[in-house]
>>> print(open('entry.txt').read())   # compact mmCIF, C-alpha atoms
# COMPACT_ATOMS: atom_id res chain seq x y z
CA SER G 125 116.80 76.84 138.67
CA ILE G 126 116.87 79.94 140.84
CA GLN G 127 118.43 79.38 144.26
CA PRO G 128 117.71 81.77 147.16
CA SER G 129 120.63 84.06 147.84
CA SER G 130 122.00 84.25 151.37
CA ASP G 131 121.31 87.95 151.02
CA SER G 132 117.68 87.60 149.95
CA ILE G 133 115.59 90.23 151.65
CA VAL G 134 112.03 90.00 152.92
CA ILE G 135 110.58 93.38 153.83
CA VAL G 136 107.48 92.96 155.95
CA SER G 137 104.88 95.61 156.69
CA ASP G 138 101.63 94.46 158.28
CA ASP G 139 100.72 97.85 159.74
CA PRO G 140 99.29 100.33 157.20
CA THR G 141 99.05 102.96 159.94
CA VAL G 142 102.79 103.45 160.13
CA SER G 143 104.22 106.88 159.51
CA PRO G 144 104.33 107.92 155.84
CA SER G 145 108.07 108.38 156.25
CA ALA G 146 108.35 104.60 156.55
CA SER G 147 107.28 104.23 152.93
CA PRO G 148 108.93 107.11 151.01
CA THR G 149 108.76 107.73 147.30
CA LEU G 150 111.81 108.12 145.08
CA ASN G 151 112.05 111.36 143.14
CA GLU G 152 113.98 111.55 139.89
CA GLU G 153 116.55 113.83 141.53
CA GLU G 154 117.27 111.48 144.42
CA GLU G 155 120.32 109.28 144.37
CA VAL G 156 119.60 105.59 144.00
CA PRO G 157 120.54 103.72 147.21
CA PRO G 158 123.52 101.34 147.11
CA PRO G 159 122.77 98.07 145.28
CA LEU G 160 121.47 95.17 147.33
CA GLU G 161 122.48 91.66 146.39
CA GLY G 162 119.84 88.93 146.25
CA ASP G 163 116.11 88.98 145.61
CA ARG G 164 113.69 91.23 147.41
CA VAL G 165 110.04 90.76 148.25
CA TYR G 166 107.95 93.37 150.03
CA VAL G 167 105.15 91.79 152.06
CA GLY G 168 102.23 94.04 152.87
CA CYS G 169 98.49 94.15 153.48
CA GLY G 170 96.39 93.03 150.53
CA GLY G 171 92.90 94.32 151.14
CA GLU G 172 93.77 97.94 151.87
CA VAL G 173 94.88 98.72 148.32
CA PHE G 174 91.58 97.69 146.67
CA LEU G 175 88.18 99.32 146.55
CA MET G 176 85.64 98.16 149.15
CA ASN G 177 82.75 95.81 148.27
CA ILE G 178 84.29 94.26 145.16
CA ASP G 179 85.55 90.90 144.00
CA CYS G 180 89.31 91.27 143.56
CA ASP G 181 92.26 89.15 142.48
CA ASP G 182 95.92 89.41 141.54
CA ASP G 183 95.19 91.67 138.56
CA THR G 184 92.53 93.97 140.03
CA ALA G 185 93.40 97.64 139.68
CA THR G 186 94.41 99.24 142.97
CA LEU G 187 93.20 102.51 144.41
CA LYS G 188 94.81 105.56 142.86
CA LEU G 189 97.34 107.43 144.95
CA GLY G 190 95.59 110.12 146.95
CA ALA G 191 92.33 108.18 147.32
CA ASN G 192 93.11 106.74 150.75
CA PRO G 193 95.98 107.61 153.14
CA ARG G 194 96.33 104.02 154.39
CA ALA G 195 96.48 102.65 150.84
CA ASP G 196 98.92 105.40 149.84
CA ARG G 197 101.48 104.24 152.42
CA LEU G 198 101.33 100.67 151.14
CA LEU G 199 101.37 101.57 147.45
CA ASN G 200 104.27 104.00 147.93
CA ALA G 201 106.25 101.28 149.71
CA GLU G 202 105.50 98.83 146.88
CA ASN G 203 106.63 101.36 144.29
CA VAL G 204 109.90 101.98 146.12
CA VAL G 205 110.75 98.27 146.06
CA LEU G 206 109.86 97.77 142.39
CA GLU G 207 111.24 101.04 141.02
CA HIS G 208 114.44 100.91 143.07
CA GLU G 209 115.54 97.77 141.26
CA ASN G 210 114.83 99.20 137.81
CA ARG G 211 116.63 102.44 138.56
CA ARG G 212 119.56 100.60 140.14
CA LYS G 213 119.90 98.53 136.97
CA GLU G 214 119.77 101.64 134.82
CA LYS G 215 122.60 103.13 136.85
CA GLU G 216 124.62 99.92 136.62
CA ASN G 217 124.16 99.86 132.87
CA SER G 218 125.98 103.16 132.64
CA ASP G 219 129.12 101.59 134.11
CA ASP G 220 131.86 100.54 131.70
CA ALA G 221 132.07 97.00 133.11
CA VAL G 222 128.36 96.44 132.61
CA LYS G 223 128.51 97.89 129.12
CA LYS G 224 131.19 95.35 128.30
CA GLU G 225 129.04 92.53 129.70
CA LYS G 226 126.13 93.72 127.61
CA GLU G 227 128.30 93.75 124.50
CA GLU G 228 129.30 90.16 125.27
CA GLY G 229 125.66 89.15 125.66
CA LYS G 230 125.87 88.43 129.39
CA ASN G 231 123.38 91.06 130.45
CA GLU G 232 120.66 90.89 127.85
CA ASN G 233 118.19 88.71 129.74
CA TYR G 234 117.80 90.92 132.78
CA GLN G 235 114.53 90.63 134.69
CA ASN G 236 113.51 92.72 137.67
CA ARG G 237 113.23 90.09 140.41
CA ALA G 238 112.03 92.49 143.10
CA ALA G 239 108.47 91.57 144.03
CA VAL G 240 105.44 92.63 146.03
CA LEU G 241 103.34 90.13 147.95
CA ARG G 242 99.96 91.34 149.21
CA LEU G 243 98.53 89.16 151.95
CA ALA G 244 95.02 88.64 153.28
CA GLY G 245 94.37 88.46 157.03
CA LEU G 246 97.02 86.33 158.72
CA TYR G 247 96.10 83.81 161.41
CA HIS G 248 97.25 80.74 163.28
CA SER G 249 95.76 78.91 166.26
CA LEU G 250 96.53 81.66 168.74
CA ARG G 251 96.59 84.74 166.58
CA GLY G 252 94.11 86.28 164.19
CA ALA G 253 90.67 87.83 164.00
CA HIS G 254 89.10 84.91 165.87
CA THR G 255 91.08 85.59 169.05
CA TYR G 256 89.72 89.13 169.15
CA PHE G 257 86.16 88.24 168.20
CA MET G 258 85.85 85.57 170.93
CA LYS G 259 86.92 88.05 173.63
CA ALA G 260 85.31 91.24 172.31
CA GLY G 261 81.79 90.74 173.65
CA THR G 262 80.39 93.45 171.38
CA ILE G 263 81.63 94.39 167.90
CA GLU G 264 80.47 97.46 166.02
CA SER G 265 80.11 95.71 162.67
CA ARG G 266 77.62 93.68 160.69
CA PRO G 267 77.94 89.92 161.29
CA ASP G 268 78.11 89.11 157.56
CA ALA G 269 81.07 91.40 156.89
CA LEU G 270 83.75 89.36 155.14
CA VAL G 271 87.22 88.38 156.31
CA ASN G 272 89.82 87.14 153.80
CA CYS G 273 92.36 84.79 155.38
CA ILE G 274 95.68 83.04 154.94
CA HIS G 275 97.45 80.89 157.54
CA TYR G 276 100.93 81.97 158.66
CA GLU G 277 102.45 78.74 157.33
CA ASP G 278 100.91 79.23 153.90
CA ALA G 279 102.08 82.85 153.84
CA ALA G 280 105.65 81.79 154.68
CA ASP G 281 105.54 79.14 151.97
CA LEU G 282 104.30 81.74 149.49
CA VAL G 283 107.18 84.11 150.30
CA LEU G 284 109.64 81.32 149.48
CA LYS G 285 107.79 80.55 146.25
CA VAL G 286 108.13 84.19 145.21
CA LEU G 287 111.86 84.25 146.01
CA LEU G 288 112.46 80.96 144.17
CA ARG G 289 110.39 81.72 141.08
CA GLU G 290 112.18 81.11 137.80
CA ASP G 291 109.96 83.37 135.71
CA ALA G 292 110.07 86.96 136.92
CA GLN G 293 107.57 88.35 134.43
CA ARG G 294 105.04 88.77 137.24
CA ASN G 295 106.19 90.99 140.10
CA VAL G 296 103.00 91.51 142.10
CA PHE G 297 101.35 88.61 143.91
CA LEU G 298 98.33 88.14 146.15
CA GLY G 299 98.12 85.61 148.98
CA CYS G 300 94.80 84.34 150.31
CA ASP G 301 93.02 81.00 150.68
CA GLY G 302 90.27 82.12 148.30
CA HIS G 303 87.43 81.37 150.74
CA PRO G 304 86.22 84.57 152.41
CA ILE G 305 84.35 83.97 155.66
CA THR G 306 81.97 86.20 157.59
CA ARG G 307 83.00 87.69 160.91
CA GLU G 308 80.26 85.79 162.66
CA ASP G 309 81.45 82.49 161.15
CA VAL G 310 85.05 83.23 162.16
CA ALA G 311 84.01 83.27 165.81
CA THR G 312 81.62 80.34 165.40
CA CYS G 313 84.21 78.10 163.70
CA ALA G 314 86.79 78.75 166.39
CA LEU G 315 84.33 78.20 169.24
CA GLU G 316 82.86 75.02 167.75
CA SER G 317 86.29 73.56 167.00
CA GLY G 318 86.78 72.41 170.58
CA CYS G 319 90.06 74.31 170.78
CA PHE G 320 88.67 76.96 173.10
CA ASP G 321 86.53 76.28 176.17
CA ASP G 322 83.51 78.51 176.65
CA ASP G 323 84.51 78.92 180.29
CA ASP G 324 88.18 79.68 179.52
CA ASP G 325 89.30 82.63 181.60
CA ASP G 326 92.95 83.02 180.67
CA SER G 327 93.02 86.61 179.42
CA GLU G 328 94.20 89.55 181.47
CA GLY G 329 90.75 91.06 181.52
CA GLY G 330 89.13 87.78 182.46
CA GLN G 331 86.79 87.70 179.43
CA LYS G 332 85.36 84.34 178.49
CA HIS G 333 85.49 82.86 174.99
CA SER G 334 82.04 83.50 173.57
CA LYS G 335 80.26 84.45 170.40
CA PRO G 336 80.24 88.26 170.06
CA GLU G 337 77.22 90.45 169.56
CA PHE G 338 77.34 92.41 166.30
CA THR G 339 75.61 95.76 166.64
CA LYS G 340 75.19 96.82 163.00
CA SER G 341 73.13 95.55 160.10
CA GLU G 342 74.34 98.06 157.52
CA GLY G 343 77.71 99.18 156.23
CA PRO G 344 80.35 97.70 153.92
CA VAL G 345 80.42 93.93 153.50
CA GLY G 346 84.04 93.91 152.35
CA ARG G 347 86.00 92.28 149.55
CA ARG G 348 86.08 88.76 148.13
CA MET G 349 89.70 87.96 147.32
CA THR G 350 91.03 85.19 145.08
CA CYS G 351 94.54 84.65 143.71
CA GLU G 352 94.39 82.34 140.70
CA GLY G 353 97.14 84.30 138.93
CA THR G 354 99.52 83.79 141.85
CA ARG G 355 98.64 80.11 142.17
CA LYS G 356 99.26 79.50 138.48
CA ALA G 357 102.46 81.56 138.25
CA LEU G 358 104.07 79.93 141.30
CA GLY G 359 102.47 76.48 141.32
CA TRP G 360 101.25 77.28 144.82
CA ALA G 361 98.22 76.19 146.80
CA PRO G 362 97.53 76.72 150.51
CA LYS G 363 97.97 73.79 152.86
CA PHE G 364 94.95 75.03 154.82
CA THR G 365 92.30 75.56 152.17
CA SER G 366 90.18 77.82 154.36
CA PHE G 367 89.81 79.15 157.90
CA ARG G 368 86.98 76.65 158.36
CA ASP G 369 89.24 73.83 157.16
CA PHE G 370 91.97 74.72 159.67
CA PHE G 371 89.56 74.55 162.64
CA ASP G 372 87.68 71.48 161.42
CA LYS G 373 87.46 68.97 164.29
CA GLU G 374 87.81 65.99 161.96
CA THR G 375 90.82 67.15 159.97
CA ASN G 376 93.30 69.83 161.07
CA LYS G 377 91.75 70.42 164.51
CA GLY G 378 93.11 73.94 164.74
CA LYS G 379 96.67 72.67 165.06
CA ASP G 380 99.67 74.48 163.59
CA SER G 381 102.43 72.20 162.32
CA PHE G 382 104.99 74.20 164.33
CA ALA G 383 103.06 73.68 167.58
CA GLU G 384 104.16 71.40 170.38
CA GLU G 385 103.31 67.78 169.69
CA ALA G 386 102.16 67.33 173.29
CA SER G 387 99.12 69.50 172.71
CA PRO G 388 96.14 68.04 170.83
CA PHE G 389 95.01 71.53 169.83
CA GLY G 390 98.23 73.43 169.15
CA TRP G 391 99.84 75.45 171.94
CA ASN G 392 97.82 74.11 174.88
CA HIS G 393 95.29 76.89 174.50
CA SER G 394 92.48 74.60 175.62
CA SER G 395 92.09 72.85 178.95
CA LYS G 396 90.78 69.80 177.09
CA THR G 397 93.12 66.84 176.69
CA SER G 398 91.25 64.83 174.07
>>> encode(input="entry.txt", output="structure tokens")
Amino acid sequence: SIQPSSDSIVIVSDDPTVSPSASPTLNEEEEVPPPLEGDRVYVGCGGEVFLMNIDCDDDTATLKLGANPRADRLLNAENVVLEHENRRKEKENSDDAVKKEKEEGKNENYQNRAAVLRLAGLYHSLRGAHTYFMKAGTIESRPDALVNCIHYEDAADLVLKVLLREDAQRNVFLGCDGHPITREDVATCALESGCFDDDDDDSEGGQKHSKPEFTKSEGPVGRRMTCEGTRKALGWAPKFTSFRDFFDKETNKGKDSFAEEASPFGWNHSSKTS
């Protein structure tokens, strides 16, 4: 089986607004960078590369380059990771030592193990869309606009699954829990979980945790993301099956497994003790 190299590389980009220079493209004339040992996975934003208001999965066609500047930055970065490995291998194959290996049959089963992992909206007990919604007061959006989610722990597990995969035929993966939730329900689930007091006043601005007012009734609803191809290829399933499941008072109670055991709701972000 494939074992993770000590030099395995995880390239993370969760900010599609970064400068275009952070995600360059490789021209045919450019010299291929020095080879990197180990597997590589580029982790980026999933939703930005797809059309709005569609159902999308691992195999949905992305936006074409030039259609959206934010998507362009992500797609260019993905292409660099995937194409770099192919071009590096092509250059290696021109070396005499590699030619000899190929003649001896040692190099005939090459697979490009570089990969791209597109993630839905990340969250844990103290970070995610819910923490903003509960403090925002007013949000210029429709309440039924969709949010696609994946817990940080499930995302980390998925990165390892990609690095450890034995079959490298698939190079592009999508990570989400497969249960889109509306913006209004994101705030409602968090508030009703018991993890956050309505009278909590711990933010710098002194805002209380409360259900926000959504000011629009029109506009894009968003995407519904599923990832059956990724689940099947990697034998993966999220520990937290949905955002609602994570904050369920009877099951997970909004508690991250990496949180302090002393807190009944994670990182002591509630004044409640039971």
>>> closest_residue(input="entry.txt", among="G:Gly170, G:Gly359, G:Pro193, G:Gly318", to="Lys377 in chain G", atoms="only C-alpha atoms")
G:Gly318
>>> residues_around(input="entry.txt", residues="Phe174 in chain G", least_positions_apart="6", cutoff="12 Å", atoms="all atoms listed in the file", output="ChimeraX atom specification")
/G:180-189,191-192,194-196,198-199,242,244,298,346-349
>>> atom_distance(input="entry.txt", atom1="CA of Pro267 in chain G", atom2="CA of Leu250 in chain G")
21.7 Å
>>> atom_distance(input="entry.txt", atom1="CA of Glu374 in chain G", atom2="CA of Val310 in chain G")
17.5 Å
